[in-house]
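Written below as structure tokens is the structure these notes are about.
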Protein chains: 2
Amino acid sequence: MSLTNATPQEAARAARKSSRALAVLPAADRDRALTAVHRALADARDDILRANLRDLEAAMRAAEAGTLSQSLLKRLDLGREGKYEDMLQGVLDVRDLPDPIGVIGARTLLDDDLVLERKSCPIGVLLVIFEARPEVIANISALAIKSGNAAILKGGKESTESFKAIAAAVSRALAATAVPSDCLQLVTTRDAVGPLLELDRDIDLVIPRGGNELVRKVKASTQIPVLGHADGLCSVYLKADCDPAAAARLVVDAKLSYPAACNAAETLLVDEDALGTVLPPIAAVLLERGVSLRCDEAAKATLGATLDAHRAAILQDADEADFRTEFLGPTLAVKTVPRAATPEAATDTAVAHINEHGSHHTDAIVTASRACAERFLAGVDSASVFWNASTRIADGQRYGLGAEVGISTNKIHARGPVGLEGLTIYKWLLRGAGHVSADYGAGGKKWKHRRLPVGDDERYARTDEELDVLRAFRARANGV
Amino acid sequence: MSLTNATPQEAARAARKSSRALAVLPAADRDRALTAVHRALADARDDILRANLRDLEAAMRAAEAGTLSQSLLKRLDLGREGKYEDMLQGVLDVRDLPDPIGVIGARTLLDDDLVLERKSCPIGVLLVIFEARPEVIANISALAIKSGNAAILKGGKESTESFKAIAAAVSRALAATAVPSDCLQLVTTRDAVGPLLELDRDIDLVIPRGGNELVRKVKASTQIPVLGHADGLCSVYLKADCDPAAAARLVVDAKLSYPAACNAAETLLVDEDALGTVLPPIAAVLLERGVSLRCDEAAKATLGATLDAHRAAILQDADEADFRTEFLGPTLAVKTVPRAATPEAATDTAVAHINEHGSHHTDAIVTASRACAERFLAGVDSASVFWNASTRIADGQRYGLGAEVGISTNKIHARGPVGLEGLTIYKWLLRGAGHVSADYGAGGKKWKHRRLPVGDDERYARTDEELDVLRAFRARANGV
């Protein structure tokens, strides 16, 4: 990892140049580099934690001066129980994922001796901008190396000392491997973000990891594609036919298991017929747990008449803005879905509300009706759409992606929780024997366009068990 | 198709709104709409050609006044032999492609009764900006409807009358189908492009179809993702070991079969050892065919000594800028790749030149050496990389994609020739039974993450023949 005081332009050039070498390294070389990084981070533990301590001291002073929030303070501490071990284990976890590079996505015989392949490859150079959490640098470095991408890392200034110490360890580790150290560029100079975001010739993808303000700012100031999401305005829609107990557990989880998360619920949509049946016990629990309920008129009237006087008194009025607000805390907007001719028609109303007001991140319906659920799943234009499951499950680890690069609300490339695959693209490889275009077309030869099998192998294994058997056999057969 | 004098904002809002309805239409409805569009365009042939004639008259006047180029003039004529029939057939060809929507890309059992699916869906709203060619509007409309996307169409002003007539026919056709007419918005007001490019809330993807100036301008003025390529600076690299006759045919095809195409060759890289052997006959043919050869010093010296005096006299000197220029005409820059320790090392030099000077579109190596070829295929960071095949083969139709949306040099989403799949994204659907996140993790339940088969069907069919048998059987079995 380069630690020189490079300008943003120099860092990007160096990253681009070394990305060419990294892109053609076999998986074994990239994996070996991750093993070395893991060992180096384990060996340098004391140094890194001592550097982290310097960040903590500075942060404490800033907190006392009122320029740093309490929650940020907590996230800075790399020595908190289990955190360093998690960081170390994360490197090995990424290493042990299947190689996302070199995967043949399609193979076509265009003509005799003319075979076209679509093969996955690294994107090139990533710019990762992240906030204070110091362990992110190890995670991002591992993801970049595994996927064959160079990365420019720009971290929050509160973790500068930790970043430098981690970078020094990573740099030492890479020096003895086939992965060029220049593949990871740590930029610590102030005000580097603006210039970096202009380098669209040398940077292929920007990944902001942090709060929505960071993401929004990045998106507004670059022409480089940005992978991420600015907002997480998620909704849960309760149908009158849903199981009240299950609905209550689900809403509590969606709202309260981690209210600051992007996949936490911010709006509760409730069928008019459910206001007096399903909603009151849920509202009681939420109020008990300190949640402010901002209700539209119908919801407030019915809840007010159903709940005890103490609870009814603390219900709040929602205005239109509440249904466009990501509270990121213990507040929930409650919206009534008016009775309609059919349950499906009411569902359409809820879908329209979500598509118009939400952030296209994650939305859920709670219902016993498969017809309404499928209508909701098809109609809601969000990255993740759930039936009878908490929005909080929208997460790369929970989806089984192995590693999470981030959650995207983009409509192209990668959507929802993004795994390593999101750091790849493909290229088309064509191997011929002197074929020229003029031989084909009107009066000439015809393209064959015959689909060929991809890889030698695994398409007929339809389940994990079958795949395990197949891979075990092949490993034995190949003497691995 | 909306023909009202909508503002860009109104057009985008209407497109977004109707895109929701289009996104959930079954394939049969979209296909029926395309059948109707085809019939309407066939029926309205005379009206449309009469409207086109008005464009031709205006264009002729503009050409006489010197404000319109001859090549543009030719492209405007929709009545040229076969052109209208091609346009009609194109609609049916798109209709008959497999449905790109609703394809399950992955299915995972997260836990009992909790199944995650990744399902393809339309992107949403496309903005397609195209130059004069009037038939493009029919092609784009068909691609949009087939892929379930709404589209805002902004065509060159030279074809306004043709566009309006085609749009009127499409509009009449859609009125009697399940596809909302608002899904296609024709914007004919002047200066609409600027405001449209700012509507990143209602437009998901911009597709500029036209010259590199148009594409560059669009890319520089929007935060919406742009699918396309500004430049096509393609190279052909001749190794000393290549077959001279095959190399000559290939270079002639790459340079001359359509010099204005984005996949035509602009730079010829030649091994130093090939300057006096492989290159002279190729240079002779190219000069004969009117190609200007801009040679670096070594190439010019060797060619000058080998070719006859007349030919040698018309060789030109290349400067550095020539190796960064897309000539789009009968000029070719010739660059010598210096002799190196091994053929592979020389190949690396050529790869580095291409990565630094090219436009990452399509590049080819001509060689008998598999080792050098594979090094080139792996190392060149371009959308298409060829061995012993002409760069002109980089094309959606030639690749067998069925339809071409455009050619992309983006590093995310879609790269190279883009088919219908490039107009889709996916969403994650999760169907549960009240599952909540808090039940999992430390001390709680474990995620199962068990891969399930996708679809009921076709993974074990490895070739087209097998797939045909399978599909024919299933069609019979289902009484289709």
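Identifiers in the structure tokens: chain A, B, ... in order shown; residue index from 1 per chain; ligand index from 1 in order shown.
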Contacts of Asp99 (chain A) at 8 Å (only C-alpha atoms; same-chain gap of 5+ positions) as a list in words: Ala27, Lys146 and Ser147 of chain A
Residues of region 414-462 of chain B in helix (DSSP H, G or I), written as a list in words: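 Result set for region 414-462 of chain B (helix (DSSP H, G or I)): Leu420, Glu421, Gly422, Leu423, Ser437, Ala438, Asp439, Glu458, Arg459 and Tyr460 of chain B.
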Exercise: Lys300 (chain A) partners within 9 Å, only C-alpha atoms, chain neighbours under 5 positions left out, as a list in words: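 The neighbour list is Arg294, Cys295, Ala305, Ala312, Leu315, Gln316, Asp317 and Val334 of chain A.
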Cut-off 6 Å: closest chain B/chain A atom pairs per residue, using only C-alpha atoms, as a Markdown table:
```
| residue | atom | partner | partner_atom | distance |
| --- | --- | --- | --- | --- |
| B:Ile123 | CA | A:Lys411 | CA | 5.7 |
| B:Ala246 | CA | A:Gly434 | CA | 5.5 |
| B:Leu250 | CA | A:Val436 | CA | 5.7 |
| B:Asp253 | CA | A:Val436 | CA | 6.0 |
| B:Ala383 | CA | A:Lys427 | CA | 5.0 |
| B:Ser384 | CA | A:Trp428 | CA | 4.6 |
| B:Val385 | CA | A:Leu429 | CA | 5.1 |
| B:Phe386 | CA | A:Leu430 | CA | 4.6 |
| B:Trp387 | CA | A:Arg431 | CA | 4.8 |
| B:Asn388 | CA | A:Gly434 | CA | 4.6 |
| B:Ala389 | CA | A:His435 | CA | 4.7 |
| B:Ser390 | CA | A:Val436 | CA | 5.0 |
| B:Arg392 | CA | A:Ser437 | CA | 5.9 |
| B:Ile393 | CA | A:Ser437 | CA | 5.6 |
| B:Gly400 | CA | A:His449 | CA | 5.5 |
| B:Lys411 | CA | A:Ile123 | CA | 5.7 |
| B:Ile412 | CA | A:His413 | CA | 5.8 |
| B:His413 | CA | A:His413 | CA | 3.8 |
| B:Ile425 | CA | A:Ile412 | CA | 5.9 |
| B:Lys427 | CA | A:Ala383 | CA | 5.0 |
| B:Trp428 | CA | A:Ser384 | CA | 4.6 |
| B:Leu429 | CA | A:Val385 | CA | 5.1 |
| B:Leu430 | CA | A:Phe386 | CA | 4.6 |
| B:Arg431 | CA | A:Trp387 | CA | 4.8 |
| B:Gly432 | CA | A:Asn388 | CA | 5.0 |
| B:Ala433 | CA | A:Asn388 | CA | 5.2 |
| B:Gly434 | CA | A:Asn388 | CA | 4.6 |
| B:His435 | CA | A:Ala389 | CA | 4.7 |
| B:Val436 | CA | A:Ser390 | CA | 5.1 |
| B:Ser437 | CA | A:Ile393 | CA | 5.6 |
| B:His449 | CA | A:Gly400 | CA | 5.5 |
| B:Arg451 | CA | A:Asp464 | CA | 5.6 |
| B:Leu452 | CA | A:Thr463 | CA | 5.5 |
| B:Pro453 | CA | A:Arg462 | CA | 5.1 |
| B:Arg459 | CA | A:Arg459 | CA | 5.9 |
| B:Tyr460 | CA | A:Tyr460 | CA | 4.9 |
| B:Arg462 | CA | A:Pro453 | CA | 5.2 |
| B:Thr463 | CA | A:Leu452 | CA | 5.6 |
| B:Asp464 | CA | A:Arg451 | CA | 5.6 |
```
Identify, on the basis of only C-alpha atoms, every residue whose closest approach to Asp29 (chain A) does not exceed 8 Å; exclude the query and any residue fewer than 4 positions from it along the same chain; express the result as a short mmCIF file (atom, residue, chain, number, x, y, z; two decimals) with N, CA, C and O atoms, in the first residue's frame.
```cif
data_model
loop_
_atom_site.label_atom_id
_atom_site.label_comp_id
_atom_site.auth_asym_id
_atom_site.auth_seq_id
_atom_site.Cartn_x
_atom_site.Cartn_y
_atom_site.Cartn_z
N LEU A 25 -3.32 -11.51 -12.50
CA LEU A 25 -2.77 -12.45 -11.52
C LEU A 25 -3.74 -13.62 -11.30
O LEU A 25 -4.93 -13.41 -11.17
N ALA A 33 -1.68 -13.38 -1.15
CA ALA A 33 -1.50 -12.03 -0.65
C ALA A 33 -2.42 -11.76 0.54
O ALA A 33 -2.03 -11.11 1.51
N THR A 177 4.69 -10.35 -1.91
CA THR A 177 3.75 -11.15 -2.70
C THR A 177 3.75 -10.67 -4.15
O THR A 177 4.40 -9.69 -4.49
N ALA A 178 2.94 -11.36 -4.98
CA ALA A 178 2.86 -10.99 -6.40
C ALA A 178 1.95 -9.79 -6.62
O ALA A 178 1.92 -9.21 -7.70
N VAL A 179 1.17 -9.43 -5.60
CA VAL A 179 0.27 -8.28 -5.74
C VAL A 179 1.08 -7.00 -5.56
O VAL A 179 1.71 -6.81 -4.52
#
```
Gap from CA of Ala192 (chain A) to CA of Thr7 (chain A) - Å, one decimal: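 Straight-line distance from CA of Ala192 (chain A) to CA of Thr7 (chain A) works out to 7.9 Å.
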List the neighbours of Arg39 (chain A) out to 9 Å using only C-alpha atoms; skip same-chain residues closer than 4 positions along the sequence, and give me the result as a PDB file with all heavy atoms, in the first residue's frame.
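Now in part-v9.pdb:
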```
ATOM      1  N   LEU A  34      -3.626 -12.306   0.486  1.00  0.00           N
ATOM      2  CA  LEU A  34      -4.555 -12.095   1.600  1.00  0.00           C
ATOM      3  C   LEU A  34      -4.077 -12.832   2.851  1.00  0.00           C
ATOM      4  O   LEU A  34      -4.241 -12.344   3.975  1.00  0.00           O
ATOM      5  CB  LEU A  34      -5.964 -12.523   1.194  1.00  0.00           C
ATOM      6  CG  LEU A  34      -6.604 -11.580   0.165  1.00  0.00           C
ATOM      7  CD1 LEU A  34      -7.953 -12.110  -0.295  1.00  0.00           C
ATOM      8  CD2 LEU A  34      -6.753 -10.177   0.755  1.00  0.00           C
ATOM      9  N   THR A  35      -3.506 -14.007   2.653  1.00  0.00           N
ATOM     10  CA  THR A  35      -2.926 -14.714   3.790  1.00  0.00           C
ATOM     11  C   THR A  35      -1.824 -13.861   4.422  1.00  0.00           C
ATOM     12  O   THR A  35      -1.752 -13.731   5.655  1.00  0.00           O
ATOM     13  CB  THR A  35      -2.336 -16.072   3.330  1.00  0.00           C
ATOM     14  OG1 THR A  35      -3.363 -16.823   2.679  1.00  0.00           O
ATOM     15  CG2 THR A  35      -1.785 -16.868   4.505  1.00  0.00           C
ATOM     16  N   ASP A  43       0.379  -9.726  13.363  1.00  0.00           N
ATOM     17  CA  ASP A  43       1.684  -9.417  13.953  1.00  0.00           C
ATOM     18  C   ASP A  43       1.761  -7.964  14.434  1.00  0.00           C
ATOM     19  O   ASP A  43       2.424  -7.661  15.426  1.00  0.00           O
ATOM     20  CB  ASP A  43       2.808  -9.665  12.928  1.00  0.00           C
ATOM     21  CG  ASP A  43       2.987 -11.155  12.651  1.00  0.00           C
ATOM     22  OD1 ASP A  43       2.414 -11.968  13.402  1.00  0.00           O
ATOM     23  OD2 ASP A  43       3.676 -11.501  11.672  1.00  0.00           O
ATOM     24  N   ALA A  44       1.124  -7.059  13.691  1.00  0.00           N
ATOM     25  CA  ALA A  44       1.257  -5.629  13.996  1.00  0.00           C
ATOM     26  C   ALA A  44       0.183  -5.140  14.955  1.00  0.00           C
ATOM     27  O   ALA A  44       0.006  -3.937  15.147  1.00  0.00           O
ATOM     28  CB  ALA A  44       1.215  -4.821  12.706  1.00  0.00           C
ATOM     29  N   LEU A  88      -9.540  -9.371  11.558  1.00  0.00           N
ATOM     30  CA  LEU A  88      -8.623 -10.403  11.054  1.00  0.00           C
ATOM     31  C   LEU A  88      -9.376 -11.526  10.355  1.00  0.00           C
ATOM     32  O   LEU A  88      -9.019 -11.946   9.252  1.00  0.00           O
ATOM     33  CB  LEU A  88      -7.804 -10.984  12.219  1.00  0.00           C
ATOM     34  CG  LEU A  88      -6.746 -10.076  12.844  1.00  0.00           C
ATOM     35  CD1 LEU A  88      -6.100 -10.772  14.039  1.00  0.00           C
ATOM     36  CD2 LEU A  88      -5.683  -9.682  11.816  1.00  0.00           C
ATOM     37  N   ALA A 173       3.244  -6.458   4.013  1.00  0.00           N
ATOM     38  CA  ALA A 173       2.808  -7.805   3.642  1.00  0.00           C
ATOM     39  C   ALA A 173       2.826  -7.978   2.127  1.00  0.00           C
ATOM     40  O   ALA A 173       3.332  -8.973   1.603  1.00  0.00           O
ATOM     41  CB  ALA A 173       1.408  -8.066   4.194  1.00  0.00           C
TER      42      ALA A 173
END
```
Taking the DSSP secondary structure from the backbone, can you list the residues of region 304-480 of chain A that are strand (DSSP E), as a compact mmCIF listing (two decimals) with N, CA and C atoms, in the first residue's frame?
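New file out-v7.txt:
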```
# COMPACT_ATOMS: atom_id res chain seq x y z
N GLN A 316 -48.71 11.14 17.82
CA GLN A 316 -48.42 12.42 17.16
C GLN A 316 -49.11 12.49 15.79
N ASP A 317 -49.26 13.70 15.30
CA ASP A 317 -49.84 13.88 13.97
C ASP A 317 -48.73 13.81 12.91
N THR A 331 -38.64 6.78 15.58
CA THR A 331 -39.87 7.43 15.10
C THR A 331 -40.41 6.62 13.94
N LEU A 332 -41.71 6.47 13.86
CA LEU A 332 -42.33 5.70 12.78
C LEU A 332 -43.55 6.45 12.28
N ALA A 333 -43.62 6.65 10.98
CA ALA A 333 -44.79 7.30 10.38
C ALA A 333 -45.83 6.22 10.06
N VAL A 334 -47.09 6.50 10.40
CA VAL A 334 -48.15 5.51 10.19
C VAL A 334 -49.18 6.06 9.20
N LYS A 335 -49.38 5.31 8.13
CA LYS A 335 -50.22 5.77 7.02
C LYS A 335 -51.35 4.77 6.79
N THR A 336 -52.56 5.27 6.65
CA THR A 336 -53.70 4.39 6.40
C THR A 336 -53.87 4.15 4.90
N VAL A 337 -54.08 2.89 4.55
CA VAL A 337 -54.40 2.55 3.17
C VAL A 337 -55.91 2.38 3.09
N THR A 362 -35.72 -1.28 0.54
CA THR A 362 -36.32 -2.53 0.98
C THR A 362 -37.72 -2.25 1.53
N ASP A 363 -38.70 -3.02 1.07
CA ASP A 363 -40.07 -2.83 1.56
C ASP A 363 -40.71 -4.20 1.74
N ALA A 364 -41.62 -4.27 2.73
CA ALA A 364 -42.21 -5.57 3.07
C ALA A 364 -43.72 -5.48 3.19
N ILE A 365 -44.38 -6.57 2.82
CA ILE A 365 -45.82 -6.71 3.04
C ILE A 365 -46.03 -7.84 4.04
N VAL A 366 -47.00 -7.65 4.95
CA VAL A 366 -47.35 -8.71 5.90
C VAL A 366 -48.79 -9.09 5.62
N SER A 384 -34.97 -4.67 -2.73
CA SER A 384 -35.43 -5.87 -2.04
C SER A 384 -36.92 -5.70 -1.70
N VAL A 385 -37.71 -6.73 -1.99
CA VAL A 385 -39.13 -6.67 -1.66
C VAL A 385 -39.50 -7.97 -0.96
N PHE A 386 -40.10 -7.84 0.24
CA PHE A 386 -40.29 -9.01 1.10
C PHE A 386 -41.76 -9.29 1.37
N TRP A 387 -42.03 -10.56 1.57
CA TRP A 387 -43.36 -10.99 2.03
C TRP A 387 -43.17 -11.71 3.37
N ASN A 388 -43.79 -11.18 4.39
CA ASN A 388 -43.73 -11.79 5.73
C ASN A 388 -42.30 -12.00 6.22
N ALA A 389 -41.48 -10.99 6.04
CA ALA A 389 -40.12 -11.03 6.57
C ALA A 389 -39.70 -9.60 6.87
N GLY A 406 -21.52 -3.38 -0.16
CA GLY A 406 -22.41 -2.28 0.17
C GLY A 406 -23.81 -2.65 -0.26
N ILE A 407 -24.76 -1.74 -0.02
CA ILE A 407 -26.12 -1.95 -0.51
C ILE A 407 -26.40 -0.85 -1.54
N SER A 408 -26.88 -1.26 -2.69
CA SER A 408 -27.06 -0.32 -3.79
C SER A 408 -28.53 -0.12 -4.09
N GLY A 416 -29.39 -3.77 -4.47
CA GLY A 416 -29.57 -4.45 -3.19
C GLY A 416 -28.21 -4.75 -2.59
N PRO A 417 -28.16 -5.73 -1.66
CA PRO A 417 -26.87 -6.10 -1.09
C PRO A 417 -25.93 -6.58 -2.20
N VAL A 418 -24.72 -6.03 -2.23
CA VAL A 418 -23.79 -6.33 -3.31
C VAL A 418 -22.63 -7.16 -2.77
N THR A 424 -17.01 -6.86 -10.22
CA THR A 424 -16.54 -7.42 -11.49
C THR A 424 -17.37 -6.90 -12.66
N ILE A 425 -16.78 -6.97 -13.83
CA ILE A 425 -17.51 -6.77 -15.07
C ILE A 425 -17.03 -7.92 -15.96
N TYR A 426 -17.33 -7.86 -17.23
CA TYR A 426 -16.85 -8.95 -18.10
C TYR A 426 -16.21 -8.34 -19.33
N LYS A 427 -15.48 -9.17 -20.04
CA LYS A 427 -15.09 -8.76 -21.38
C LYS A 427 -15.39 -9.89 -22.35
N TRP A 428 -15.49 -9.53 -23.62
CA TRP A 428 -15.79 -10.50 -24.67
C TRP A 428 -14.48 -10.92 -25.32
N LEU A 429 -14.21 -12.22 -25.31
CA LEU A 429 -13.01 -12.73 -25.94
C LEU A 429 -13.42 -13.53 -27.18
N LEU A 430 -12.77 -13.24 -28.28
CA LEU A 430 -13.10 -13.95 -29.52
C LEU A 430 -11.83 -14.55 -30.08
N ARG A 431 -11.86 -15.86 -30.29
CA ARG A 431 -10.70 -16.56 -30.84
C ARG A 431 -11.06 -17.10 -32.22
N GLY A 432 -10.34 -16.67 -33.23
CA GLY A 432 -10.68 -17.07 -34.60
C GLY A 432 -9.49 -17.60 -35.37
N ALA A 433 -9.66 -17.67 -36.68
CA ALA A 433 -8.58 -18.14 -37.55
C ALA A 433 -8.52 -17.23 -38.77
N GLY A 434 -8.50 -15.94 -38.49
CA GLY A 434 -8.45 -14.98 -39.59
C GLY A 434 -9.81 -14.54 -40.09
N HIS A 435 -10.84 -14.71 -39.28
CA HIS A 435 -12.20 -14.37 -39.72
C HIS A 435 -12.37 -12.87 -39.93
N ARG A 450 -24.16 -20.72 -32.26
CA ARG A 450 -24.51 -21.94 -31.53
C ARG A 450 -24.00 -21.83 -30.10
N ARG A 451 -24.93 -21.97 -29.16
CA ARG A 451 -24.55 -21.88 -27.75
C ARG A 451 -23.69 -23.08 -27.37
```
Å distance separating CA of His360 (chain B) from CA of Leu22 (chain A), one decimal place: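 Result for CA of His360 (chain B) versus CA of Leu22 (chain A): 17.6 Å, one decimal.
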Polymer residues at most 12 Å from Leu174 (chain A), only C-alpha atoms, same-chain spacing of 4 or more positions, as a VMD selection string: chain A and resid 1 to 2 22 29 to 41 141 to 142 145 167 to 170 178 to 184
Selection above as a file: N, CA, C and O atoms, as a short mmCIF file (atom, residue, chain, number, x, y, z; two decimals), in the first residue's frame:
```
data_model
loop_
_atom_site.label_atom_id
_atom_site.label_comp_id
_atom_site.auth_asym_id
_atom_site.auth_seq_id
_atom_site.Cartn_x
_atom_site.Cartn_y
_atom_site.Cartn_z
N MET A 1 0.84 -1.20 0.00
CA MET A 1 0.00 0.00 0.00
C MET A 1 0.87 1.24 0.00
O MET A 1 1.80 1.36 0.78
N SER A 2 0.60 2.11 -0.94
CA SER A 2 1.43 3.30 -1.06
C SER A 2 1.09 4.29 0.04
O SER A 2 -0.06 4.59 0.31
N LEU A 22 -2.40 -6.48 -11.58
CA LEU A 22 -3.25 -7.23 -10.66
C LEU A 22 -4.33 -8.01 -11.41
O LEU A 22 -4.67 -9.15 -11.06
N ASP A 29 -2.35 -16.35 -6.41
CA ASP A 29 -1.50 -15.23 -6.01
C ASP A 29 -2.28 -14.22 -5.18
O ASP A 29 -1.76 -13.66 -4.21
N ARG A 30 -3.52 -13.96 -5.59
CA ARG A 30 -4.33 -13.01 -4.82
C ARG A 30 -4.65 -13.57 -3.44
O ARG A 30 -4.61 -12.87 -2.43
N ASP A 31 -4.95 -14.88 -3.39
CA ASP A 31 -5.26 -15.50 -2.10
C ASP A 31 -4.03 -15.51 -1.18
O ASP A 31 -4.15 -15.26 0.02
N ARG A 32 -2.87 -15.81 -1.75
CA ARG A 32 -1.65 -15.80 -0.95
C ARG A 32 -1.40 -14.40 -0.37
O ARG A 32 -0.97 -14.26 0.78
N ALA A 33 -1.68 -13.38 -1.15
CA ALA A 33 -1.50 -12.03 -0.65
C ALA A 33 -2.42 -11.76 0.54
O ALA A 33 -2.03 -11.11 1.51
N LEU A 34 -3.63 -12.31 0.49
CA LEU A 34 -4.56 -12.10 1.60
C LEU A 34 -4.08 -12.83 2.85
O LEU A 34 -4.24 -12.34 3.97
N THR A 35 -3.51 -14.01 2.65
CA THR A 35 -2.93 -14.71 3.79
C THR A 35 -1.82 -13.86 4.42
O THR A 35 -1.75 -13.73 5.66
N ALA A 36 -1.01 -13.27 3.58
CA ALA A 36 0.09 -12.43 4.08
C ALA A 36 -0.45 -11.20 4.80
O ALA A 36 0.07 -10.79 5.85
N VAL A 37 -1.49 -10.60 4.25
CA VAL A 37 -2.09 -9.43 4.89
C VAL A 37 -2.63 -9.81 6.28
O VAL A 37 -2.43 -9.09 7.26
N HIS A 38 -3.29 -10.95 6.33
CA HIS A 38 -3.83 -11.42 7.61
C HIS A 38 -2.73 -11.57 8.65
O HIS A 38 -2.83 -11.08 9.78
N ARG A 39 -1.65 -12.24 8.24
CA ARG A 39 -0.55 -12.46 9.18
C ARG A 39 0.06 -11.13 9.62
O ARG A 39 0.33 -10.90 10.80
N ALA A 40 0.24 -10.22 8.67
CA ALA A 40 0.86 -8.93 9.00
C ALA A 40 -0.01 -8.13 9.97
O ALA A 40 0.51 -7.50 10.91
N LEU A 41 -1.32 -8.19 9.76
CA LEU A 41 -2.21 -7.45 10.67
C LEU A 41 -2.21 -8.09 12.06
O LEU A 41 -2.29 -7.39 13.07
N SER A 141 -9.61 -3.51 1.62
CA SER A 141 -8.38 -3.99 0.98
C SER A 141 -8.54 -5.46 0.57
O SER A 141 -8.14 -5.86 -0.52
N ALA A 142 -9.14 -6.24 1.46
CA ALA A 142 -9.33 -7.66 1.16
C ALA A 142 -10.26 -7.84 -0.02
O ALA A 142 -9.98 -8.64 -0.93
N ILE A 145 -8.39 -6.83 -3.32
CA ILE A 145 -7.39 -7.80 -3.76
C ILE A 145 -8.07 -9.06 -4.28
O ILE A 145 -7.74 -9.58 -5.34
N ALA A 167 -2.22 0.49 7.07
CA ALA A 167 -1.67 0.55 5.72
C ALA A 167 -0.21 0.13 5.70
O ALA A 167 0.23 -0.57 4.79
N ALA A 168 0.54 0.54 6.72
CA ALA A 168 1.96 0.16 6.77
C ALA A 168 2.09 -1.35 6.87
O ALA A 168 2.93 -1.96 6.19
N ALA A 169 1.24 -1.97 7.67
CA ALA A 169 1.30 -3.43 7.82
C ALA A 169 0.93 -4.11 6.50
O ALA A 169 1.59 -5.06 6.06
N VAL A 170 -0.14 -3.62 5.87
CA VAL A 170 -0.58 -4.22 4.60
C VAL A 170 0.52 -4.06 3.55
O VAL A 170 0.83 -4.98 2.79
N ALA A 178 2.94 -11.36 -4.98
CA ALA A 178 2.86 -10.99 -6.40
C ALA A 178 1.95 -9.79 -6.62
O ALA A 178 1.92 -9.21 -7.70
N VAL A 179 1.17 -9.43 -5.60
CA VAL A 179 0.27 -8.28 -5.74
C VAL A 179 1.08 -7.00 -5.56
O VAL A 179 1.71 -6.81 -4.52
N PRO A 180 1.07 -6.12 -6.57
CA PRO A 180 1.86 -4.88 -6.45
C PRO A 180 1.32 -4.00 -5.32
O PRO A 180 0.10 -3.83 -5.19
N SER A 181 2.24 -3.46 -4.52
CA SER A 181 1.82 -2.62 -3.40
C SER A 181 1.01 -1.42 -3.86
O SER A 181 0.11 -0.95 -3.17
N ASP A 182 1.32 -0.92 -5.05
CA ASP A 182 0.62 0.26 -5.56
C ASP A 182 -0.87 0.03 -5.80
O ASP A 182 -1.61 0.98 -6.05
N CYS A 183 -1.30 -1.22 -5.76
CA CYS A 183 -2.72 -1.52 -5.99
C CYS A 183 -3.60 -0.89 -4.93
O CYS A 183 -4.79 -0.70 -5.15
N LEU A 184 -3.04 -0.67 -3.76
CA LEU A 184 -3.82 -0.02 -2.70
C LEU A 184 -3.17 1.31 -2.41
O LEU A 184 -2.00 1.38 -2.05
#
```
CA of Glu344 (chain B) to CA of Ile101 (chain A), straight-line distance in Å: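 These two atoms are separated by 22.6 Å.
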Nearest to Ala58 (chain B) by atom-to-atom distance, counting only C-alpha atoms, from B:Glu404, B:Glu161, B:Asp191, B:Asp241: B:Glu161
Of the listed residues B:Ala12, B:Ser162, B:Asp296, B:Glu272, that which approaches Asp47 (chain B) most closely, counting only C-alpha atoms: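 For Asp47 (chain B), the nearest of the given residues is B:Ser162.
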